[in-house]
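Below: final37.cif (mmCIF, C-alpha atoms)
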```
data_my_file
#
loop_
_atom_site.group_PDB
_atom_site.id
_atom_site.type_symbol
_atom_site.label_atom_id
_atom_site.label_comp_id
_atom_site.auth_asym_id
_atom_site.auth_seq_id
_atom_site.Cartn_x
_atom_site.Cartn_y
_atom_site.Cartn_z
ATOM 1 C CA MET K 1 0.847 96.902 44.976
ATOM 2 C CA SER K 2 0.606 95.782 48.608
ATOM 3 C CA LEU K 3 -2.766 96.084 50.320
ATOM 4 C CA SER K 4 -1.286 98.426 52.945
ATOM 5 C CA LEU K 5 -0.042 100.806 50.229
ATOM 6 C CA GLU K 6 -3.417 100.603 48.506
ATOM 7 C CA ALA K 7 -5.098 101.429 51.813
ATOM 8 C CA ARG K 8 -2.807 104.434 52.326
ATOM 9 C CA GLN K 9 -3.514 105.731 48.829
ATOM 10 C CA PHE K 10 -7.234 105.218 49.384
ATOM 11 C CA LEU K 11 -7.045 107.186 52.638
ATOM 12 C CA ARG K 12 -5.308 110.032 50.819
ATOM 13 C CA SER K 13 -8.269 110.246 48.415
ATOM 14 C CA THR K 14 -10.728 110.975 51.239
ATOM 15 C CA HIS K 15 -11.348 114.090 53.329
ATOM 16 C CA SER K 16 -14.185 113.201 55.684
ATOM 17 C CA GLY K 17 -15.499 110.224 57.604
ATOM 18 C CA ILE K 18 -17.468 108.967 60.556
ATOM 19 C CA LEU K 19 -15.662 109.484 63.864
ATOM 20 C CA SER K 20 -16.692 107.086 66.623
ATOM 21 C CA THR K 21 -15.826 107.828 70.240
ATOM 22 C CA HIS K 22 -16.697 106.239 73.588
ATOM 23 C CA SER K 23 -19.676 108.081 75.024
ATOM 24 C CA ALA K 24 -18.826 109.753 78.343
ATOM 25 C CA LYS K 25 -22.491 110.497 78.981
ATOM 26 C CA PHE K 26 -23.870 107.039 78.199
ATOM 27 C CA GLU K 27 -21.267 104.544 79.352
ATOM 28 C CA GLY K 28 -20.692 101.577 77.083
ATOM 29 C CA TYR K 29 -22.228 103.159 73.995
ATOM 30 C CA PRO K 30 -20.322 104.343 70.911
ATOM 31 C CA PHE K 31 -20.978 107.872 69.659
ATOM 32 C CA GLY K 32 -20.689 108.613 65.938
ATOM 33 C CA SER K 33 -20.221 112.019 64.334
ATOM 34 C CA VAL K 34 -19.269 113.440 60.948
ATOM 35 C CA ALA K 35 -15.637 114.539 60.861
ATOM 36 C CA PRO K 36 -13.803 116.407 58.090
ATOM 37 C CA PHE K 37 -10.060 115.823 58.319
ATOM 38 C CA VAL K 38 -6.741 116.556 56.655
ATOM 39 C CA LEU K 39 -3.810 114.141 56.613
ATOM 40 C CA ASP K 40 -0.411 115.235 57.877
ATOM 41 C CA HIS K 41 2.799 114.108 56.184
ATOM 42 C CA ASP K 42 2.861 110.907 58.245
ATOM 43 C CA CYS K 43 -0.573 110.109 56.792
ATOM 44 C CA GLN K 44 -2.256 110.572 60.163
ATOM 45 C CA PRO K 45 -5.721 112.223 60.174
ATOM 46 C CA VAL K 46 -5.917 115.642 61.814
ATOM 47 C CA ILE K 47 -9.294 116.981 62.946
ATOM 48 C CA LEU K 48 -10.232 120.447 64.199
ATOM 49 C CA ILE K 49 -12.873 120.184 66.918
ATOM 50 C CA SER K 50 -14.469 122.313 69.626
ATOM 51 C CA ASN K 51 -13.901 121.629 73.320
ATOM 52 C CA ILE K 52 -17.648 121.823 73.896
ATOM 53 C CA ALA K 53 -18.471 119.208 71.219
ATOM 54 C CA GLU K 54 -19.730 115.857 72.435
ATOM 55 C CA HIS K 55 -16.986 113.905 70.658
ATOM 56 C CA THR K 56 -14.291 116.110 72.220
ATOM 57 C CA LYS K 57 -15.620 115.444 75.717
ATOM 58 C CA ASN K 58 -15.568 111.747 74.868
ATOM 59 C CA ILE K 59 -11.981 111.931 73.594
ATOM 60 C CA ILE K 60 -10.804 113.692 76.744
ATOM 61 C CA ALA K 61 -12.316 110.879 78.816
ATOM 62 C CA ASN K 62 -11.077 108.116 76.496
ATOM 63 C CA PRO K 63 -8.797 108.954 73.543
ATOM 64 C CA LYS K 64 -9.358 105.633 71.747
ATOM 65 C CA VAL K 65 -11.362 106.338 68.589
ATOM 66 C CA SER K 66 -12.375 104.856 65.264
ATOM 67 C CA LEU K 67 -12.570 106.683 61.947
ATOM 68 C CA LEU K 68 -14.484 105.161 59.023
ATOM 69 C CA VAL K 69 -13.815 106.523 55.536
ATOM 70 C CA PHE K 70 -15.478 105.322 52.353
ATOM 71 C CA ALA K 71 -15.760 106.052 48.648
ATOM 72 C CA GLY K 72 -19.022 107.484 47.365
ATOM 73 C CA MET K 73 -22.574 107.009 48.550
ATOM 74 C CA LYS K 74 -23.739 104.555 45.884
ATOM 75 C CA ASP K 75 -23.533 100.844 46.640
ATOM 76 C CA LEU K 76 -21.644 101.285 49.912
ATOM 77 C CA GLN K 77 -21.331 97.521 50.392
ATOM 78 C CA ALA K 78 -19.411 97.128 47.127
ATOM 79 C CA ASN K 79 -17.215 100.214 47.362
ATOM 80 C CA ALA K 80 -13.872 100.383 49.143
ATOM 81 C CA ARG K 81 -13.841 101.475 52.787
ATOM 82 C CA LEU K 82 -11.276 101.807 55.520
ATOM 83 C CA THR K 83 -11.701 101.716 59.289
ATOM 84 C CA LEU K 84 -8.917 103.243 61.360
ATOM 85 C CA LEU K 85 -8.403 102.516 65.048
ATOM 86 C CA GLY K 86 -6.206 104.876 67.001
ATOM 87 C CA GLU K 87 -5.754 107.418 69.751
ATOM 88 C CA ALA K 88 -6.719 111.073 69.349
ATOM 89 C CA VAL K 89 -4.012 113.365 70.745
ATOM 90 C CA LYS K 90 -4.324 117.140 71.095
ATOM 91 C CA ILE K 91 -1.625 119.013 69.164
ATOM 92 C CA ASN K 92 -0.558 122.619 68.592
ATOM 93 C CA LYS K 93 -3.193 124.620 66.689
ATOM 94 C CA GLU K 94 -0.583 127.276 65.893
ATOM 95 C CA ASP K 95 1.609 124.939 63.789
ATOM 96 C CA ALA K 96 1.862 127.247 60.754
ATOM 97 C CA ASP K 97 2.519 124.554 58.119
ATOM 98 C CA LEU K 98 -0.229 122.240 59.370
ATOM 99 C CA ARG K 99 -2.652 125.140 59.742
ATOM 100 C CA ALA K 100 -1.968 126.264 56.168
ATOM 101 C CA ARG K 101 -2.412 122.706 54.878
ATOM 102 C CA TYR K 102 -5.692 122.281 56.759
ATOM 103 C CA LEU K 103 -7.120 125.543 55.408
ATOM 104 C CA ARG K 104 -6.179 124.759 51.811
ATOM 105 C CA TYR K 105 -8.391 121.687 51.988
ATOM 106 C CA ILE K 106 -11.059 123.068 54.348
ATOM 107 C CA PRO K 107 -11.056 126.879 53.867
ATOM 108 C CA GLN K 108 -14.464 127.267 55.517
ATOM 109 C CA ALA K 109 -12.799 126.459 58.856
ATOM 110 C CA ALA K 110 -10.738 129.680 58.849
ATOM 111 C CA GLY K 111 -12.889 131.358 61.491
ATOM 112 C CA TYR K 112 -12.504 128.433 63.887
ATOM 113 C CA PHE K 113 -8.822 129.243 64.441
ATOM 114 C CA ASP K 114 -9.791 132.521 66.082
ATOM 115 C CA MET K 115 -11.991 130.723 68.597
ATOM 116 C CA HIS K 116 -10.261 129.614 71.785
ATOM 117 C CA ASP K 117 -12.357 126.471 72.166
ATOM 118 C CA PHE K 118 -11.210 124.837 68.906
ATOM 119 C CA ALA K 119 -8.133 122.607 68.816
ATOM 120 C CA PHE K 120 -6.289 120.197 66.531
ATOM 121 C CA TYR K 121 -6.352 116.500 67.378
ATOM 122 C CA ARG K 122 -4.177 113.996 65.535
ATOM 123 C CA ILE K 123 -5.419 110.400 65.283
ATOM 124 C CA ARG K 124 -2.408 108.123 65.727
ATOM 125 C CA ILE K 125 -3.361 105.024 63.754
ATOM 126 C CA THR K 126 -2.662 101.762 65.574
ATOM 127 C CA GLN K 127 -4.695 99.323 63.462
ATOM 128 C CA ALA K 128 -6.633 99.503 60.211
ATOM 129 C CA ARG K 129 -9.182 97.331 58.442
ATOM 130 C CA TYR K 130 -9.252 97.834 54.688
ATOM 131 C CA ILE K 131 -11.914 96.368 52.423
ATOM 132 C CA ALA K 132 -10.990 96.947 48.796
ATOM 133 C CA GLY K 133 -13.747 94.781 47.368
ATOM 134 C CA PHE K 134 -15.245 91.313 47.547
ATOM 135 C CA GLY K 135 -12.646 88.862 48.875
ATOM 136 C CA LYS K 136 -9.967 91.572 49.114
ATOM 137 C CA MET K 137 -9.689 92.719 52.717
ATOM 138 C CA SER K 138 -7.316 92.616 55.639
ATOM 139 C CA TRP K 139 -6.339 93.980 59.042
ATOM 140 C CA MET K 140 -3.012 95.802 59.108
ATOM 141 C CA ALA K 141 -0.916 97.557 61.723
ATOM 142 C CA GLY K 142 -0.859 101.333 61.623
ATOM 143 C CA ILE K 143 2.887 101.308 61.012
ATOM 144 C CA ASP K 144 2.298 99.364 57.786
ATOM 145 C CA MET K 145 0.461 102.405 56.410
ATOM 146 C CA THR K 146 3.198 104.839 57.424
ATOM 147 C CA PRO K 147 4.829 106.495 54.387
ATOM 148 C CA PRO K 148 8.595 106.517 53.872
ATOM 149 C CA ALA K 149 10.587 109.257 55.580
ATOM 150 C CA ASN K 150 10.526 112.507 53.631
ATOM 151 C CA GLN K 151 11.163 116.249 53.915
ATOM 152 C CA LEU K 152 7.970 117.454 52.240
ATOM 153 C CA ALA K 153 6.380 119.096 55.292
ATOM 154 C CA ALA K 154 9.073 121.793 55.216
ATOM 155 C CA VAL K 155 8.839 122.519 51.472
ATOM 156 C CA GLU K 156 5.176 121.849 50.660
ATOM 157 C CA THR K 157 4.034 125.473 50.903
ATOM 158 C CA SER K 158 6.765 126.726 48.560
ATOM 159 C CA ILE K 159 6.104 123.933 46.014
ATOM 160 C CA ILE K 160 2.388 124.725 46.008
ATOM 161 C CA ALA K 161 2.960 128.469 45.590
ATOM 162 C CA HIS K 162 5.357 127.835 42.691
ATOM 163 C CA MET K 163 3.085 125.350 40.892
ATOM 164 C CA SER K 164 -0.088 127.408 41.290
ATOM 165 C CA ALA K 165 1.571 130.697 40.256
ATOM 166 C CA ASP K 166 3.980 129.544 37.532
ATOM 167 C CA HIS K 167 2.692 126.197 36.271
ATOM 168 C CA ALA K 168 -1.083 126.453 36.233
ATOM 169 C CA ASP K 169 -0.945 125.285 32.609
ATOM 170 C CA SER K 170 0.750 122.047 33.716
ATOM 171 C CA LEU K 171 -1.830 121.525 36.451
ATOM 172 C CA ALA K 172 -4.617 121.952 33.878
ATOM 173 C CA ALA K 173 -2.840 119.514 31.561
ATOM 174 C CA TYR K 174 -2.651 116.934 34.373
ATOM 175 C CA CYS K 175 -6.424 117.294 34.851
ATOM 176 C CA ARG K 176 -7.132 116.712 31.154
ATOM 177 C CA HIS K 177 -4.707 113.834 30.706
ATOM 178 C CA PHE K 178 -5.205 111.838 33.907
ATOM 179 C CA HIS K 179 -8.835 112.663 34.755
ATOM 180 C CA GLU K 180 -10.330 113.834 31.443
ATOM 181 C CA PHE K 181 -11.400 117.000 33.264
ATOM 182 C CA ASP K 182 -11.316 120.302 31.384
ATOM 183 C CA ALA K 183 -10.250 122.670 34.161
ATOM 184 C CA GLN K 184 -10.684 126.417 33.714
ATOM 185 C CA HIS K 185 -9.153 127.213 37.092
ATOM 186 C CA VAL K 186 -6.668 125.049 38.987
ATOM 187 C CA GLU K 187 -4.913 125.263 42.322
ATOM 188 C CA MET K 188 -2.618 122.755 43.982
ATOM 189 C CA LEU K 189 -3.821 121.983 47.499
ATOM 190 C CA GLY K 190 -1.207 119.590 48.832
ATOM 191 C CA ILE K 191 1.684 117.365 47.873
ATOM 192 C CA ASP K 192 2.910 114.267 49.694
ATOM 193 C CA CYS K 193 5.256 111.399 49.032
ATOM 194 C CA ASP K 194 2.571 109.425 47.152
ATOM 195 C CA GLY K 195 1.062 112.173 45.009
ATOM 196 C CA PHE K 196 -0.734 115.503 45.102
ATOM 197 C CA ASP K 197 -4.208 117.063 45.124
ATOM 198 C CA VAL K 198 -5.575 119.751 42.844
ATOM 199 C CA LYS K 199 -8.710 121.825 43.236
ATOM 200 C CA ALA K 200 -10.116 122.158 39.725
ATOM 201 C CA GLU K 201 -13.098 124.129 38.427
ATOM 202 C CA ASN K 202 -14.813 123.576 35.084
ATOM 203 C CA SER K 203 -16.473 126.223 32.915
ATOM 204 C CA ALA K 204 -19.594 126.037 35.077
ATOM 205 C CA GLY K 205 -17.543 126.960 38.138
ATOM 206 C CA SER K 206 -18.140 123.598 39.783
ATOM 207 C CA PRO K 207 -15.037 122.708 41.849
ATOM 208 C CA GLN K 208 -13.755 119.277 42.771
ATOM 209 C CA ILE K 209 -10.604 117.844 44.281
ATOM 210 C CA LEU K 210 -8.640 115.598 41.932
ATOM 211 C CA ARG K 211 -6.014 113.179 43.229
ATOM 212 C CA PHE K 212 -2.832 112.358 41.277
ATOM 213 C CA GLN K 213 -0.543 109.444 42.164
ATOM 214 C CA PHE K 214 3.210 109.404 41.599
ATOM 215 C CA GLU K 215 4.679 106.316 39.945
ATOM 216 C CA SER K 216 7.119 106.012 42.860
ATOM 217 C CA PRO K 217 7.373 107.861 46.203
ATOM 218 C CA ILE K 218 9.150 111.206 46.379
ATOM 219 C CA CYS K 219 11.048 112.548 49.386
ATOM 220 C CA ASP K 220 12.014 116.202 48.841
ATOM 221 C CA ALA K 221 11.757 119.207 46.525
ATOM 222 C CA ALA K 222 14.195 117.765 43.981
ATOM 223 C CA THR K 223 12.373 114.445 43.565
ATOM 224 C CA ALA K 224 9.046 116.311 43.525
ATOM 225 C CA ARG K 225 10.270 118.445 40.630
ATOM 226 C CA THR K 226 11.452 115.373 38.711
ATOM 227 C CA ALA K 227 8.100 113.633 39.152
ATOM 228 C CA LEU K 228 6.056 116.716 38.216
ATOM 229 C CA VAL K 229 8.150 117.413 35.100
ATOM 230 C CA ALA K 230 7.752 113.768 33.993
ATOM 231 C CA MET K 231 3.984 114.010 34.423
ATOM 232 C CA SER K 232 3.939 117.289 32.506
ATOM 233 C CA LYS K 233 5.728 115.674 29.558
ATOM 234 C CA GLN K 234 3.381 112.694 29.697
ATOM 235 C CA SER K 235 0.361 115.020 29.701
ATOM 236 C CA ARG K 236 1.466 116.694 26.487
ATOM 237 C CA ILE K 237 2.074 113.549 24.415
#
```
Whole structure, structure tokens version:
Amino acid sequence: MSLSLEARQFLRSTHSGILSTHSAKFEGYPFGSVAPFVLDHDCQPVILISNIAEHTKNIIANPKVSLLVFAGMKDLQANARLTLLGEAVKINKEDADLRARYLRYIPQAAGYFDMHDFAFYRIRITQARYIAGFGKMSWMAGIDMTPPANQLAAVETSIIAHMSADHADSLAAYCRHFHEFDAQHVEMLGIDCDGFDVKAENSAGSPQILRFQFESPICDAATARTALVAMSKQSRI
């Protein structure tokens, strides 16, 4: 596996990071803030932020930002981490597919969409620095992390509705087989060319998001079905 593909798959496993912007109030100083995000189907982070927030004011003055994502809080120096450099661009908050995707991952943000001062910003990745472990690190261009062309944005919602309503047993089987997680309630959150995410709850009602990787990239509903059926068969061996 190439390091750029590994970096992309690592990014897909994360949902929050540290957003650094150029301070408009204190010139020359970086300003860091916690930022939940959802990836679009081009694997670009999308954040929902208020116009009155300090980082938004900074972005309006200078759209060049950095987003640091990392795995776990224990032994941060040894764990994988990824720093993205890019430009934050305001996009349409009323994009129905993107809005639905964002709320599946971050449902607590539902009320923000009714507030006029909140907006979507997409971070267009220009460069990335990935550290996978000791001696395994590299800079890479943003385009190197771009996934192959696919039609999943248009069919994601229907795939998710079908899987969650009609194949919850398969989703639970994936959790047991690939993650050794005994899920009592499962819901597919998103599917992309590299894999999919499932929100799973155990008997104690403790939810977590589990990531599943496809053996090879998919591009549309037909290839998604083939990959999911293959994983279902594998889970029942």
What does the structure give for the distance between atom CA of Ile91 of chain K and atom CA of Leu3 of chain K, in Å to one decimal? 29.7 Å
Proximity check segment 172-226 of chain K to segment 96-111 of chain K, 9 Å, nearest pairs one decimal Å, only C-alpha atoms, as a Markdown table:
```
| residue | atom | partner | partner_atom | distance |
| --- | --- | --- | --- | --- |
| K:Met188 | CA | K:Arg104 | CA | 8.8 |
| K:Leu189 | CA | K:Arg104 | CA | 5.6 |
| K:Gly190 | CA | K:Arg101 | CA | 6.9 |
| K:Lys199 | CA | K:Tyr105 | CA | 8.8 |
| K:Ile209 | CA | K:Tyr105 | CA | 8.9 |
```
Among the residues K:Phe196, K:Phe212, K:Phe134, K:Tyr121, the one that comes closest to Pro63 of chain K [using only C-alpha atoms]: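 Using only C-alpha atoms, Pro63 of chain K sits closest to K:Tyr121.
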His41 of chain K surroundings by only C-alpha atoms, 12 Å radius, close-in-sequence under 2 positions cut, as an MDAnalysis selection string: chainID K and resid 8 12 38:39 43:46 97:98 101:102 122 145:156 190:196 219:220
Considering only C-alpha atoms, state which residue in the set K:Ala221, K:Leu171, K:Gln213, K:Trp139 is at the smallest distance from Thr157 of chain K.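 Of all the options, K:Ala221 lies closest to Thr157 of chain K.
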Contacts of Ile59 of chain K within 10 Å, all atoms listed in the file, excl. fewer than 6 positions in-chain, as a VMD selection string: chain K and resid 20 to 24 51 65 87 to 90 121
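We find atom CA of Met140 of chain K and atom CA of Ser216 of chain K to be spaced 21.7 Å apart.
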Build an axis-aligned box that encloses every atom of segment 2-17 of chain K listed in the file, pad it by 6 Å on each side, and report its centre and edge lengths in Å to one decimal, as AutoDock Vina command-line options.
```
--center_x -7.4 --center_y 104.9 --center_z 53.0 --size_x 28.1 --size_y 30.3 --size_z 21.2
```
For Ser235 of chain K, which residue out of K:Leu19, K:Ala7, K:Ala168, K:Cys175 is the nearest one, using all atoms listed in the file? K:Cys175
Kindly indicate which residue among K:Asp114, K:Asp182, K:Glu6, K:Asp42 lies nearest to Asn202 of chain K, using all atoms listed in the file for the distances.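 Distance minimum relative to Asn202 of chain K lands on K:Asp182.
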At what distance in Å, to one decimal, does atom CA of Gln9 of chain K lie from atom CA of Gly142 of chain K?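 Computing the Euclidean distance for atom CA of Gly142 of chain K and atom CA of Gln9 of chain K yields 13.8 Å.
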